[in-house]
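Asks: Take this structure, written in structure tokens, and hold onto it; I'll ask about it next.
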Amino acid sequence: MSKIIGIDLGTTYSAIAQLDDLGNPEVLSSTDENRKITASTIYVSGDKVVVGDKALDALTATPKNVISETKRQMENDVAYSIEKGEWVEKDEAEENSYTPAQVSSFILSKLKGYTSEVTKAVITVPALFAEKARVATLDAAKMAGIEVIELINEPTAAACYYASLPNVEKISGKILVFDLGGGTFDITLCSVEDQNVDVITSRGDKWLGGKDFDQEILNLIDEKYKKETGKNLDLNEGKLKFLEIAEQIKRSLSVKNSHAEVIEGPEGPKKIEITRAEFEQSIQMHIEKLKMLLEECIDGSGHEAKEISQTLLVGGSTRIPIISKTIEKVMKKPPLTGVNVDEAVAAGAAIYAGLKSKDSLNTAQKKAIGKVQLKDVCNFYMGTLVQRDDPILNRKVTENLVVIERDTKLPAEETTSVFTIHDDQHGIDCSITQSEGREENREFVNLIHQGDLEFPDKKPKGREIEVTYKYDTSGVMHCTFKDVSSDKKYEISLRPESAEDLKKQYENIEHIVIE
């Protein structure tokens with residue numbers, strides 16, 4: 001029988017989970033290294049792709065062939081050039097290059113090989129993942145031969161897992177999920193009552209995570225090496241290898257007050273010691289940003305810190321002691337501990353996959369997760385660009401019109417009307433925008449799609465156009481622009497099928513052997 005699984009596709013590490021026969025989420029171990037988390041790194045050599053920790057072994061000899069932190073590129077029109085060893089604009093990429101979706105498909109293919117007969121999955125994404133990044137994730141799954149039941153926001157999946165635990169009574173009421181991974185940060189406030197998870201709001205930063213802390217440690221290493229020898233390290237050639245060392249130091253400083261490493265540089269090997277205090281000082285700017293987003297999430301929800309029962313930790317970077325100290329300072333109570341923060345998101349995705357596929361479950365599985373319910377929200381303002389007369393400027397201006405408000409419960413459907421402003425107008429631009437703030441200025445919104453609706457006839461200005469947005473629980477949009485007088489429509493579903501070059505991406509990787 002085909003299996004339905006949950007996948008945490010992370011910036012630095014990924015994991016796959018399924019429900020066992022009793023309905024408990026089980027994070028699966030890799031078949032080659034028996035590890036429950038897999039490095040989201042690949043090594044490319046000709047027609048062979050190595051995924052996981054073994055890919056990191058090639059950092060010293062062939063760093064250009066190693067691709068990491070792909071998740072941060074998912075919304076960009078880029079490709080990784082093996083020849084140049086970096087991400088380049090997609091239209092500048094040569095033949096031996098890979099898009100973020102292709103790289104992610106290799107990781108997904110590796111993960112699904114940890115068990116047999118995988119056909120469907122729930123895949124997690126950051127709460128603040130842009131529409132383009134969500135579509136690229138769906139593209140990656142399709143190339144890996146996985147049918148996506150739904151995408152689920154990472155902190156929402158983690159809350160789903162926490163709510164399913166036997167000690168669920170300990171985490172009821174208003175709950176904060178503090179999700180700090182290798183590359184992204186999300187903070188989500190939700191209401192948890194009797195295994196019902198109702199998301200209220202989310203904030204976050206898709207460019208803030210453990211990798212940024214690694215960079216600060218690398219800066220410290222470089223400064224100390226120069227102080228010892230008078231020369232900087234050569235970061236152009238060996239940066240990825242140095243960052244791997246920096247990550248090891250970061251992990252050590254989570255349990256020790258200091259850590260020393262022998263660093264190979266242009267003036268030979270030198271023993272470099274970094275203290276926890278030095279590390280904490282180096283990441284202070286990032287800590288302040290985490291604190292600001294935490295406070296913004298609470299303020300934006302209309303609640304106060306004292307109303308929140310618990311803060312749940314998710315993501316490997318929450319093991320850093322200063323993270324818990326910062327949370328305790330804001331919340332006036334320490335965060336809840338006791339679960340594996342690396343596995344919570346994948347485990348929650350497996351539970352959600354079960355909820356979405358109850359016909360495939362046995363009696364015990366249905367009973368185990370039968371009471372878990374989940375309601376998520378739209379994490380962006382979704383809108384369209386319109387023109388209006390500006391009496392002050394005495395001319396027509398283009399501005400953003402919000403159609404779906406941020407924090408609207410999903411699934412959502414909203415309809416608004418716009419009107420033509422010229423006589424005999426032949427058509428309109430059908431633009432779809434996305435923004436984290438409630439913006440009118442077109443300069444502060446992301447234009448995620450643009451099309452045209454041509455009118456079959458000409459009429460005076462004031463012609464009504466109905467704009468309908470449907471936003472599903474995966475955070476994927478379906479938009480309709482309808483000319484009311486003629487019933488003619490322009491429709492677009494922002495899904496993998498809308499990507500014109502998906503077929504080419506398939507062709508470029510169909511010969512690849514994944515290890």
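Labeling convention for the structure tokens: chains A, B, ... as they appear, residues from 1 per chain, ligands from 1 in order of appearance.
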Give me, as a ChimeraX atom specification, the residues of stretch 87-234 of chain A that a backbone DSSP run labels helix (DSSP H, G or I).

Replies: /A:90-92,100-112,131-143,154-164,168-171,210-229

Asks: Quick one: residues within 9 Å of A:Gln373, only C-alpha atoms counted, chain neighbours fewer than 3 positions away excluded, as a list in words?

Replies: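 Close residues of A:Gln373: Cys160, Gln195, Asn196, Val197, Asp198, Tyr352, Leu355, Ile369 and Gly370 of chain A.
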
Asks: Mind running stretch 407-491 of chain A against stretch 383-399 of chain A at 7 Å and telling me each contacting residue's nearest atom pair with the distance in Å (one decimal), counting only C-alpha atoms, chain and number ascending, as CSV?

Replies:
```
residue,atom,partner,partner_atom,distance
A:Ser431,CA,A:Thr384,CA,5.2
A:Ile432,CA,A:Thr384,CA,4.8
A:Thr433,CA,A:Gly383,CA,4.9
A:Gln434,CA,A:Gly383,CA,6.3
A:Glu440,CA,A:Glu399,CA,5.3
A:Asn441,CA,A:Glu399,CA,5.5
A:Arg442,CA,A:Glu399,CA,5.4
```

Asks: Suppose we keep N, CA and C atoms; can you now write the selection as a CSV table (one decimal), in the first residue's frame?

Replies:
```csv
chain,number,residue,atom,x,y,z
A,431,SER,N,-3.0,42.0,-12.5
A,431,SER,CA,-1.8,41.9,-11.6
A,431,SER,C,-2.2,41.3,-10.3
A,432,ILE,N,-1.3,40.5,-9.8
A,432,ILE,CA,-1.5,39.9,-8.4
A,432,ILE,C,-0.3,40.3,-7.6
A,433,THR,N,-0.5,40.9,-6.4
A,433,THR,CA,0.5,41.3,-5.6
A,433,THR,C,0.5,40.6,-4.2
A,434,GLN,N,1.7,40.7,-3.5
A,434,GLN,CA,1.8,40.1,-2.2
A,434,GLN,C,2.7,41.0,-1.4
A,440,GLU,N,-0.3,50.5,0.1
A,440,GLU,CA,-0.9,51.1,-1.1
A,440,GLU,C,0.1,51.4,-2.2
A,441,ASN,N,1.3,51.8,-1.8
A,441,ASN,CA,2.3,52.1,-2.7
A,441,ASN,C,2.8,50.9,-3.5
A,442,ARG,N,2.8,51.0,-4.8
A,442,ARG,CA,3.2,49.8,-5.6
A,442,ARG,C,4.6,49.5,-5.5
```

Asks: Quick one: everything within 10 Å of stretch 212-222 of chain A, counting only C-alpha atoms, minus sequence neighbours fewer than 4 positions away in the same chain. Send it as a ChimeraX atom specification.

Replies: /A:182-184,207-208,226-228,231-235,239,242-251,261,263,265,271-274,278-284,286-287,317

Asks: Residues near stretch 302-313 of chain A, anyone? I mean within 10 Å using only C-alpha atoms, not counting same-chain ones fewer than 5 positions away, as number ranges by chain.

Replies: A: 155, 158-159, 162, 170-180, 187-192, 200-201, 294-295, 297, 318-319, 323-324, 327-328, 330-342, 344

Asks: Could you write out that same residue set with N, CA and C atoms as a compact mmCIF listing (two decimals), in the first residue's frame?

Replies:
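Writing done, so here's part-v7.txt:
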```
# COMPACT_ATOMS: atom_id res chain seq x y z
N PRO A 155 5.93 26.38 11.53
CA PRO A 155 5.50 26.50 12.93
C PRO A 155 4.12 25.90 13.18
N ALA A 158 4.66 22.25 13.64
CA ALA A 158 5.22 21.99 14.97
C ALA A 158 4.14 22.07 16.04
N ALA A 159 3.26 23.07 15.93
CA ALA A 159 2.15 23.19 16.89
C ALA A 159 1.24 21.99 16.82
N TYR A 162 3.03 19.25 18.80
CA TYR A 162 2.94 19.49 20.24
C TYR A 162 1.53 19.20 20.76
N LYS A 170 -0.78 20.47 29.13
CA LYS A 170 0.24 21.42 29.55
C LYS A 170 0.42 22.56 28.54
N ILE A 171 -0.06 22.37 27.35
CA ILE A 171 0.13 23.40 26.32
C ILE A 171 -1.21 23.83 25.73
N SER A 172 -2.09 24.25 26.57
CA SER A 172 -3.37 24.76 26.10
C SER A 172 -3.41 26.27 26.30
N GLY A 173 -4.31 26.91 25.59
CA GLY A 173 -4.42 28.37 25.65
C GLY A 173 -3.67 29.01 24.51
N LYS A 174 -3.21 30.24 24.72
CA LYS A 174 -2.43 30.96 23.70
C LYS A 174 -0.98 30.46 23.75
N ILE A 175 -0.50 30.00 22.60
CA ILE A 175 0.82 29.37 22.52
C ILE A 175 1.65 30.07 21.44
N LEU A 176 2.92 30.34 21.74
CA LEU A 176 3.86 30.86 20.76
C LEU A 176 4.74 29.73 20.27
N VAL A 177 4.90 29.61 18.96
CA VAL A 177 5.84 28.65 18.38
C VAL A 177 7.03 29.45 17.85
N PHE A 178 8.19 29.25 18.47
CA PHE A 178 9.41 29.98 18.12
C PHE A 178 10.27 29.04 17.28
N ASP A 179 10.28 29.27 15.98
CA ASP A 179 10.91 28.35 15.02
C ASP A 179 12.15 29.01 14.41
N LEU A 180 13.32 28.63 14.91
CA LEU A 180 14.58 29.18 14.41
C LEU A 180 15.43 28.05 13.85
N ILE A 187 7.88 33.12 13.88
CA ILE A 187 7.26 33.14 15.20
C ILE A 187 5.75 33.18 14.99
N THR A 188 5.04 32.20 15.51
CA THR A 188 3.60 32.05 15.28
C THR A 188 2.85 31.98 16.60
N LEU A 189 1.78 32.76 16.69
CA LEU A 189 0.90 32.70 17.85
C LEU A 189 -0.35 31.92 17.46
N CYS A 190 -0.70 30.94 18.27
CA CYS A 190 -1.89 30.16 17.98
C CYS A 190 -2.64 29.85 19.28
N SER A 191 -3.86 29.45 19.11
CA SER A 191 -4.69 29.04 20.24
C SER A 191 -4.82 27.52 20.20
N VAL A 192 -4.47 26.87 21.30
CA VAL A 192 -4.53 25.41 21.37
C VAL A 192 -5.51 25.01 22.47
N ILE A 200 -3.29 32.29 14.87
CA ILE A 200 -3.76 33.67 14.97
C ILE A 200 -2.96 34.60 14.06
N THR A 201 -1.63 34.53 14.16
CA THR A 201 -0.79 35.38 13.31
C THR A 201 0.64 34.85 13.32
N LEU A 294 9.56 38.88 17.73
CA LEU A 294 8.76 38.25 18.77
C LEU A 294 7.77 39.25 19.35
N GLU A 295 8.23 40.43 19.67
CA GLU A 295 7.35 41.46 20.23
C GLU A 295 6.33 41.93 19.20
N CYS A 297 5.02 40.14 16.79
CA CYS A 297 4.00 39.09 16.66
C CYS A 297 2.96 39.21 17.77
N THR A 318 17.54 26.81 18.19
CA THR A 318 16.99 27.17 19.50
C THR A 318 17.76 26.52 20.64
N ARG A 319 18.71 25.64 20.31
CA ARG A 319 19.55 25.04 21.36
C ARG A 319 20.58 26.03 21.89
N ILE A 323 19.27 32.13 23.11
CA ILE A 323 17.93 32.17 22.51
C ILE A 323 16.88 32.00 23.59
N SER A 324 17.03 30.98 24.43
CA SER A 324 16.08 30.77 25.52
C SER A 324 16.08 31.93 26.50
N ILE A 327 14.06 34.79 24.98
CA ILE A 327 12.62 34.49 25.07
C ILE A 327 12.12 34.70 26.49
N GLU A 328 12.87 34.21 27.47
CA GLU A 328 12.46 34.35 28.87
C GLU A 328 12.39 35.82 29.27
N VAL A 330 11.60 38.37 27.37
CA VAL A 330 10.41 38.99 26.79
C VAL A 330 9.14 38.42 27.41
N MET A 331 9.09 37.08 27.56
CA MET A 331 7.86 36.40 27.97
C MET A 331 7.71 36.29 29.49
N LYS A 332 8.80 36.57 30.22
CA LYS A 332 8.79 36.48 31.69
C LYS A 332 8.62 35.04 32.17
N LYS A 333 8.89 34.07 31.30
CA LYS A 333 8.88 32.67 31.67
C LYS A 333 9.73 31.91 30.66
N PRO A 334 10.39 30.84 31.07
CA PRO A 334 11.24 30.09 30.13
C PRO A 334 10.40 29.33 29.12
N PRO A 335 10.97 29.07 27.93
CA PRO A 335 10.23 28.27 26.93
C PRO A 335 10.13 26.82 27.36
N LEU A 336 9.15 26.13 26.77
CA LEU A 336 8.94 24.72 27.06
C LEU A 336 10.00 23.88 26.36
N THR A 337 10.57 22.92 27.07
CA THR A 337 11.56 22.02 26.50
C THR A 337 11.08 20.58 26.65
N GLY A 338 11.83 19.65 26.07
CA GLY A 338 11.48 18.24 26.27
C GLY A 338 11.20 17.46 25.00
N VAL A 339 11.19 18.14 23.82
CA VAL A 339 11.03 17.41 22.57
C VAL A 339 12.26 17.65 21.70
N ASN A 340 12.44 16.81 20.70
CA ASN A 340 13.56 16.98 19.77
C ASN A 340 13.20 18.09 18.80
N VAL A 341 13.87 19.23 18.94
CA VAL A 341 13.50 20.40 18.14
C VAL A 341 13.83 20.21 16.67
N ASP A 342 14.71 19.26 16.34
CA ASP A 342 15.03 18.99 14.94
C ASP A 342 13.93 18.19 14.24
N ALA A 344 10.44 18.04 15.31
CA ALA A 344 9.06 18.43 15.58
C ALA A 344 8.30 18.81 14.32
```

Asks: Run DSSP on the backbone and tell me which residues of stretch 219-373 of chain A come out as strand (DSSP E); list them as a PyMOL selection string.

Replies: chain A and resi 258-265+268-275+308-314+373

Asks: Which of these, A:Thr60, A:Thr416, A:Ser97, A:Ser105, has the shortest distance to A:Val78 once you count only C-alpha atoms?

Replies: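 Distance minimum relative to A:Val78 lands on A:Ser97.
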
Asks: When you draw a straight line from atom CA of A:His426 to atom CA of A:Ile492, how long is it in Å?

Replies: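 We find that atom CA of A:His426 and atom CA of A:Ile492 lie 20.2 Å from each other.
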
Asks: What does the distance between atom CA of A:Lys367 and atom CA of A:Lys120 come to in Å, to one decimal place?

Replies: 21.5 Å
